[in-house]
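Next up, target-v3.cif (mmCIF, C-alpha atoms):
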```cif
data_work
#
loop_
_atom_site.group_PDB
_atom_site.id
_atom_site.type_symbol
_atom_site.label_atom_id
_atom_site.label_comp_id
_atom_site.auth_asym_id
_atom_site.auth_seq_id
_atom_site.Cartn_x
_atom_site.Cartn_y
_atom_site.Cartn_z
ATOM 1 C CA MET A 1 97.182 170.951 212.550
ATOM 2 C CA VAL A 2 95.936 172.229 209.190
ATOM 3 C CA VAL A 3 92.301 171.650 210.102
ATOM 4 C CA LEU A 4 92.794 173.178 213.559
ATOM 5 C CA ASP A 5 94.426 176.243 212.017
ATOM 6 C CA ALA A 6 91.466 176.669 209.640
ATOM 7 C CA MET A 7 88.957 176.269 212.470
ATOM 8 C CA GLU A 8 90.637 178.789 214.771
ATOM 9 C CA LYS A 9 91.097 181.335 212.017
ATOM 10 C CA SER A 10 87.421 181.078 211.041
ATOM 11 C CA ALA A 11 85.839 181.403 214.477
ATOM 12 C CA GLY A 12 86.447 182.088 218.153
ATOM 13 C CA VAL A 13 87.046 178.517 219.271
ATOM 14 C CA ARG A 14 89.766 177.026 221.467
ATOM 15 C CA VAL A 15 91.144 173.529 221.802
ATOM 16 C CA LEU A 16 90.176 171.756 224.981
ATOM 17 C CA GLN A 17 92.110 168.587 224.176
ATOM 18 C CA THR A 18 93.354 166.357 221.362
ATOM 19 C CA GLU A 19 93.326 162.588 221.410
ATOM 20 C CA LEU A 20 94.913 160.180 218.944
ATOM 21 C CA ASN A 21 92.677 157.364 217.799
ATOM 22 C CA ASP A 22 93.297 154.116 215.968
ATOM 23 C CA ALA A 23 92.359 155.365 212.488
ATOM 24 C CA PRO A 24 95.165 156.868 212.586
ATOM 25 C CA GLY A 25 93.640 160.172 213.262
ATOM 26 C CA VAL A 26 93.079 162.806 215.888
ATOM 27 C CA CYS A 27 89.953 163.735 217.779
ATOM 28 C CA MET A 28 90.017 167.473 218.465
ATOM 29 C CA LYS A 29 87.751 168.623 221.254
ATOM 30 C CA LEU A 30 86.933 172.326 220.965
ATOM 31 C CA TYR A 31 84.878 174.793 222.910
ATOM 32 C CA GLY A 32 83.314 178.163 222.214
ATOM 33 C CA ARG A 33 79.984 179.795 221.486
ATOM 34 C CA LEU A 34 77.666 177.524 219.515
ATOM 35 C CA SER A 35 77.755 179.723 216.401
ATOM 36 C CA ASP A 36 81.567 179.813 216.506
ATOM 37 C CA VAL A 37 81.813 176.043 216.928
ATOM 38 C CA GLN A 38 79.407 175.573 213.994
ATOM 39 C CA SER A 39 81.524 177.930 211.832
ATOM 40 C CA ALA A 40 84.672 176.080 212.892
ATOM 41 C CA ALA A 41 83.044 172.762 212.006
ATOM 42 C CA GLN A 42 82.292 174.042 208.501
ATOM 43 C CA ALA A 43 85.884 175.293 208.158
ATOM 44 C CA ALA A 44 87.141 171.858 209.277
ATOM 45 C CA GLU A 45 85.121 170.126 206.576
ATOM 46 C CA GLU A 46 86.317 172.577 203.918
ATOM 47 C CA ALA A 47 89.980 172.233 204.936
ATOM 48 C CA ALA A 48 89.782 168.441 205.006
ATOM 49 C CA ASN A 49 88.021 168.332 201.635
ATOM 50 C CA ALA A 50 90.692 170.587 200.122
ATOM 51 C CA MET A 51 93.325 168.085 201.305
ATOM 52 C CA GLN A 52 91.178 165.149 200.137
ATOM 53 C CA THR A 53 91.107 163.820 203.686
ATOM 54 C CA LYS A 54 88.180 162.315 205.523
ATOM 55 C CA VAL A 55 86.895 164.174 208.546
ATOM 56 C CA LEU A 56 84.026 163.493 210.894
ATOM 57 C CA VAL A 57 82.630 166.662 212.424
ATOM 58 C CA HIS A 58 80.025 166.741 215.155
ATOM 59 C CA VAL A 59 78.801 169.638 217.284
ATOM 60 C CA ILE A 60 77.159 169.105 220.673
ATOM 61 C CA SER A 61 75.033 172.056 221.698
ATOM 62 C CA GLY A 62 75.260 172.776 225.432
ATOM 63 C CA PRO A 63 76.877 169.537 226.625
ATOM 64 C CA SER A 64 75.790 168.321 230.047
ATOM 65 C CA GLU A 65 78.225 169.000 232.867
ATOM 66 C CA LEU A 66 77.729 165.355 233.818
ATOM 67 C CA SER A 67 79.384 164.278 230.539
ATOM 68 C CA VAL A 68 82.763 165.860 231.361
ATOM 69 C CA PRO A 69 84.305 162.578 232.636
ATOM 70 C CA ALA A 70 83.429 160.954 229.305
ATOM 71 C CA TYR A 71 85.236 163.440 227.079
ATOM 72 C CA ASP A 72 87.892 165.023 229.316
ATOM 73 C CA ALA A 73 90.503 162.273 229.167
ATOM 74 C CA PRO A 74 93.556 162.288 231.430
ATOM 75 C CA ILE A 75 96.947 162.963 229.834
ATOM 76 C CA GLU A 76 98.184 159.663 228.435
ATOM 77 C CA ILE A 77 101.523 158.586 226.966
ATOM 78 C CA SER A 78 101.702 155.587 224.630
ATOM 79 C CA PRO A 79 104.714 153.385 225.329
ATOM 80 C CA LEU A 80 104.412 152.003 221.795
ATOM 81 C CA ILE A 81 104.939 155.323 219.998
ATOM 82 C CA GLU A 82 106.660 157.023 222.952
ATOM 83 C CA GLN A 83 104.465 160.106 222.670
ATOM 84 C CA PRO A 84 101.338 161.568 224.211
ATOM 85 C CA VAL A 85 98.074 160.251 222.797
ATOM 86 C CA VAL A 86 96.043 162.716 224.855
ATOM 87 C CA GLN A 87 97.227 166.333 224.939
ATOM 88 C CA LYS A 88 95.960 169.509 226.488
ATOM 89 C CA PRO A 89 97.286 172.647 224.793
ATOM 90 C CA GLU A 90 99.168 174.177 227.685
ATOM 91 C CA ASN A 91 102.579 175.010 226.231
ATOM 92 C CA PHE A 92 102.157 178.255 224.338
ATOM 93 C CA MET A 93 105.042 179.338 222.126
ATOM 94 C CA ASN A 94 105.162 183.076 222.720
ATOM 95 C CA ASP A 95 106.800 183.686 219.355
ATOM 96 C CA GLN A 96 104.031 185.501 217.486
ATOM 97 C CA SER A 97 106.375 186.738 214.774
ATOM 98 C CA SER A 98 105.584 186.040 211.163
ATOM 99 C CA PHE A 99 106.669 182.491 210.467
ATOM 100 C CA ALA A 100 105.298 179.335 208.969
ATOM 101 C CA VAL A 101 105.082 175.738 210.063
ATOM 102 C CA GLY A 102 105.482 173.000 207.475
ATOM 103 C CA LEU A 103 104.423 169.383 207.826
ATOM 104 C CA ILE A 104 105.398 166.318 205.859
ATOM 105 C CA GLU A 105 103.595 163.142 206.828
ATOM 106 C CA THR A 106 104.296 159.788 205.254
ATOM 107 C CA GLN A 107 103.630 156.158 205.788
ATOM 108 C CA GLY A 108 107.185 154.912 205.868
ATOM 109 C CA PHE A 109 110.116 156.172 207.907
ATOM 110 C CA THR A 110 112.638 156.192 205.047
ATOM 111 C CA ALA A 111 110.387 158.452 202.988
ATOM 112 C CA VAL A 112 109.942 161.090 205.684
ATOM 113 C CA PHE A 113 113.634 161.138 206.571
ATOM 114 C CA GLU A 114 114.629 161.601 202.914
ATOM 115 C CA ALA A 115 111.980 164.300 202.528
ATOM 116 C CA ILE A 116 113.143 166.238 205.583
ATOM 117 C CA ASP A 117 116.818 165.911 204.666
ATOM 118 C CA THR A 118 115.992 167.382 201.259
ATOM 119 C CA ALA A 119 113.851 170.108 202.856
ATOM 120 C CA LEU A 120 116.684 171.139 205.182
ATOM 121 C CA LYS A 121 119.154 171.254 202.292
ATOM 122 C CA THR A 122 116.757 173.373 200.213
ATOM 123 C CA ALA A 123 116.017 176.282 202.542
ATOM 124 C CA ALA A 124 116.846 177.828 205.907
ATOM 125 C CA VAL A 125 114.328 175.977 208.084
ATOM 126 C CA ASP A 126 114.506 174.264 211.465
ATOM 127 C CA VAL A 127 113.032 170.944 212.518
ATOM 128 C CA LEU A 128 110.519 171.435 215.320
ATOM 129 C CA ALA A 129 109.630 167.814 215.966
ATOM 130 C CA ARG A 130 108.797 164.420 214.633
ATOM 131 C CA GLU A 131 105.725 162.530 215.698
ATOM 132 C CA LYS A 132 105.015 158.842 215.229
ATOM 133 C CA LEU A 133 101.341 158.074 214.828
ATOM 134 C CA GLY A 134 101.528 154.277 214.646
ATOM 135 C CA GLY A 135 101.129 152.040 211.617
ATOM 136 C CA GLY A 136 104.313 153.457 210.083
ATOM 137 C CA TYR A 137 102.808 156.940 209.916
ATOM 138 C CA ILE A 138 105.233 159.687 210.866
ATOM 139 C CA THR A 139 105.038 163.475 210.657
ATOM 140 C CA VAL A 140 107.944 165.897 210.758
ATOM 141 C CA LEU A 141 107.318 169.582 211.438
ATOM 142 C CA ILE A 142 109.582 172.406 210.324
ATOM 143 C CA LYS A 143 109.590 176.144 211.028
ATOM 144 C CA GLY A 144 110.904 179.149 209.122
ATOM 145 C CA ASP A 145 109.750 182.087 207.080
ATOM 146 C CA VAL A 146 106.877 181.397 204.708
ATOM 147 C CA ALA A 147 108.961 181.331 201.506
ATOM 148 C CA ALA A 148 111.619 179.048 203.004
ATOM 149 C CA VAL A 149 109.102 176.608 204.468
ATOM 150 C CA THR A 150 107.137 176.531 201.213
ATOM 151 C CA ALA A 151 110.273 175.781 199.169
ATOM 152 C CA ALA A 152 111.440 173.174 201.688
ATOM 153 C CA ILE A 153 108.099 171.354 201.813
ATOM 154 C CA GLU A 154 107.794 171.260 198.016
ATOM 155 C CA ALA A 155 111.321 169.896 197.652
ATOM 156 C CA GLY A 156 110.746 167.319 200.386
ATOM 157 C CA ARG A 157 107.412 166.245 198.967
ATOM 158 C CA ALA A 158 109.074 165.373 195.655
ATOM 159 C CA LYS A 159 111.443 162.925 197.415
ATOM 160 C CA VAL A 160 108.748 160.711 198.954
ATOM 161 C CA ASP A 161 107.667 158.891 195.784
ATOM 162 C CA GLY A 162 109.041 155.360 195.645
ATOM 163 C CA LEU A 163 110.185 155.375 199.286
ATOM 164 C CA GLY A 164 106.817 155.425 201.014
ATOM 165 C CA ARG A 165 103.362 156.926 200.738
ATOM 166 C CA LEU A 166 102.812 160.663 201.053
ATOM 167 C CA ILE A 167 99.953 161.333 203.445
ATOM 168 C CA ALA A 168 100.247 165.117 203.626
ATOM 169 C CA ALA A 169 102.621 167.970 202.860
ATOM 170 C CA HIS A 170 101.363 171.354 203.936
ATOM 171 C CA VAL A 171 102.447 174.838 204.956
ATOM 172 C CA ILE A 172 100.634 176.832 207.639
ATOM 173 C CA ALA A 173 101.497 180.517 207.349
ATOM 174 C CA SER A 174 101.142 182.442 210.623
ATOM 175 C CA PRO A 175 99.804 179.466 212.602
ATOM 176 C CA SER A 176 96.884 180.015 214.963
ATOM 177 C CA GLU A 177 97.326 180.083 218.728
ATOM 178 C CA GLY A 178 95.953 176.549 219.088
ATOM 179 C CA VAL A 179 98.469 175.181 216.592
ATOM 180 C CA LEU A 180 101.269 176.930 218.473
ATOM 181 C CA ARG A 181 100.017 175.527 221.753
ATOM 182 C CA LEU A 182 100.003 171.969 220.391
ATOM 183 C CA LEU A 183 103.470 172.103 218.848
ATOM 184 C CA PRO A 184 105.931 169.873 220.686
ATOM 185 C CA LYS A 185 108.460 171.638 222.909
#
```
Can you give me the file's structure in the form of structure tokens?
Amino acid sequence: MVVLDAMEKSAGVRVLQTELNDAPGVCMKLYGRLSDVQSAAQAAEEAANAMQTKVLVHVISGPSELSVPAYDAPIEISPLIEQPVVQKPENFMNDQSSFAVGLIETQGFTAVFEAIDTALKTAAVDVLAREKLGGGYITVLIKGDVAAVTAAIEAGRAKVDGLGRLIAAHVIASPSEGVLRLLPK
């Protein structure tokens, strides 16, 4: 979500589809003018580096129409994690007001639940969703005004140590359209 937000805010690109892989990670398939996709790719690398996260970025200039069946995967739900592993951003939250989305991702369920409980007790925020990524990785998303989400994420982040491994804790102020479209209902 953080990388997608950076890419969309840097250039005129849109998400075609996201697909979970076994890393755990997410393959984001984007489209747009070549120069925009190249700018978005640079923004993705910068955002990932700032979070000390690995990212593989590749741009295909003018993909063949014959390759569509190879990259346009059908919607798929994993029975193991009970969530979509292939998503198309179709559900747009029309709420364009000024708000933030916060994410806490851990490896370890106890850690994320303690972190979110602390976050909710710290500030006036709402839980949007929780997503299991496999391998004990779980992400919980919250929503609220920027100050509340920032305070909640910082408080929650501090509770992870000793209960699990913190993968990411981040606040996205005024999330991009693509982030909004990929948020769970």
Inset, instruction - Write out as a count of residues only which residues come within 12 Å of A:Glu46 when counting only C-alpha atoms, dropping same-chain ones fewer than 4 positions away. - result: 18
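Atom pair atom CA of A:Met1 / atom CA of A:Val85: separated by 14.8 Å.
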Legend entry - One-decimal distance in Å that lies between atom CA of A:Glu45 and atom CA of A:Glu19: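 So the answer is 18.6 Å.
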Legend entry - Counting only C-alpha atoms, the option among A:Asn49, A:Gln83, A:Thr150, A:Ser67 closest to A:Ile104: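 Selected residue with least distance to A:Ile104: A:Thr150.
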Inset, instruction - Write out as JSON, numbers by chain which residues come within 6 Å of A:Ala119 when counting only C-alpha atoms, dropping same-chain ones fewer than 2 positions away. - result: {"A": [116, 117, 121, 122, 152, 153, 155, 156]}
Inset, instruction - Any chance you could resolve the PyMOL selection byres ((chain A and resi 162-172) around 6) against this file and give the residues as a PyMOL selection string? - result: chain A and resi 100-108+111+160-161+173+175
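Taking atom CA of A:Gln38 and atom CA of A:Ser98 as the two end points, the separation is 28.3 Å.
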Box for stretch 12-31 of chain A - axis-aligned, 6 Å on each of the six sides, all listed atoms - centre and size in Å to one decimal, as lines of an AutoDock Vina configuration file.
```
center_x = 90.0
center_y = 168.1
center_z = 218.7
size_x = 22.3
size_y = 40.0
size_z = 24.5
```
Inset, instruction - For the structure provided, state which residues fall under the PyMOL selection byres ((chain A and resi 70-74) around 10), and present them as number ranges by chain. - result: A: 16-19, 29, 66-69, 75-77, 85-88
Legend entry - Which residue of A:Ala11, A:Val125, A:Leu120, A:Met28 approaches A:Val146 most closely, using all atoms listed in the file: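 Closest to A:Val146 of all the choices is A:Val125.
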Using the chain letters and numbers from this file, what does the PyMOL selection byres ((chain A and resi 21) around 12) select? Give the answer as a PDB file with C-alpha atoms, in the coordinates of the input.
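Here's the written file selection_36.pdb:
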```pdb
ATOM      1  CA  THR A  18      93.354 166.357 221.362  1.00  0.00           C
ATOM      2  CA  GLU A  19      93.326 162.588 221.410  1.00  0.00           C
ATOM      3  CA  LEU A  20      94.913 160.180 218.944  1.00  0.00           C
ATOM      4  CA  ASP A  22      93.297 154.116 215.968  1.00  0.00           C
ATOM      5  CA  ALA A  23      92.359 155.365 212.488  1.00  0.00           C
ATOM      6  CA  PRO A  24      95.165 156.868 212.586  1.00  0.00           C
ATOM      7  CA  GLY A  25      93.640 160.172 213.262  1.00  0.00           C
ATOM      8  CA  VAL A  26      93.079 162.806 215.888  1.00  0.00           C
ATOM      9  CA  CYS A  27      89.953 163.735 217.779  1.00  0.00           C
ATOM     10  CA  MET A  28      90.017 167.473 218.465  1.00  0.00           C
ATOM     11  CA  SER A  78     101.702 155.587 224.630  1.00  0.00           C
ATOM     12  CA  PRO A  84     101.338 161.568 224.211  1.00  0.00           C
ATOM     13  CA  VAL A  85      98.074 160.251 222.797  1.00  0.00           C
ATOM     14  CA  VAL A  86      96.043 162.716 224.855  1.00  0.00           C
ATOM     15  CA  LEU A 133     101.341 158.074 214.828  1.00  0.00           C
ATOM     16  CA  GLY A 134     101.528 154.277 214.646  1.00  0.00           C
ATOM     17  CA  GLY A 135     101.129 152.040 211.617  1.00  0.00           C
TER      18      GLY A 135
END
```
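In this comparison, which uses only C-alpha atoms, the residue of A:Gly136, A:Val179, A:Ala115, A:Glu131 approaching A:Glu154 most closely is A:Ala115.
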Inset, instruction - Step by step: start from the point (96.1, 172.2, 222.2) in the file's coordinates, keep every protein, DNA or RNA residue that has an atom no farther than 6 Å from it, count only C-alpha atoms, and write the set as JSON, numbers by chain. - result: {"A": [15, 17, 88, 89, 178, 181, 182]}
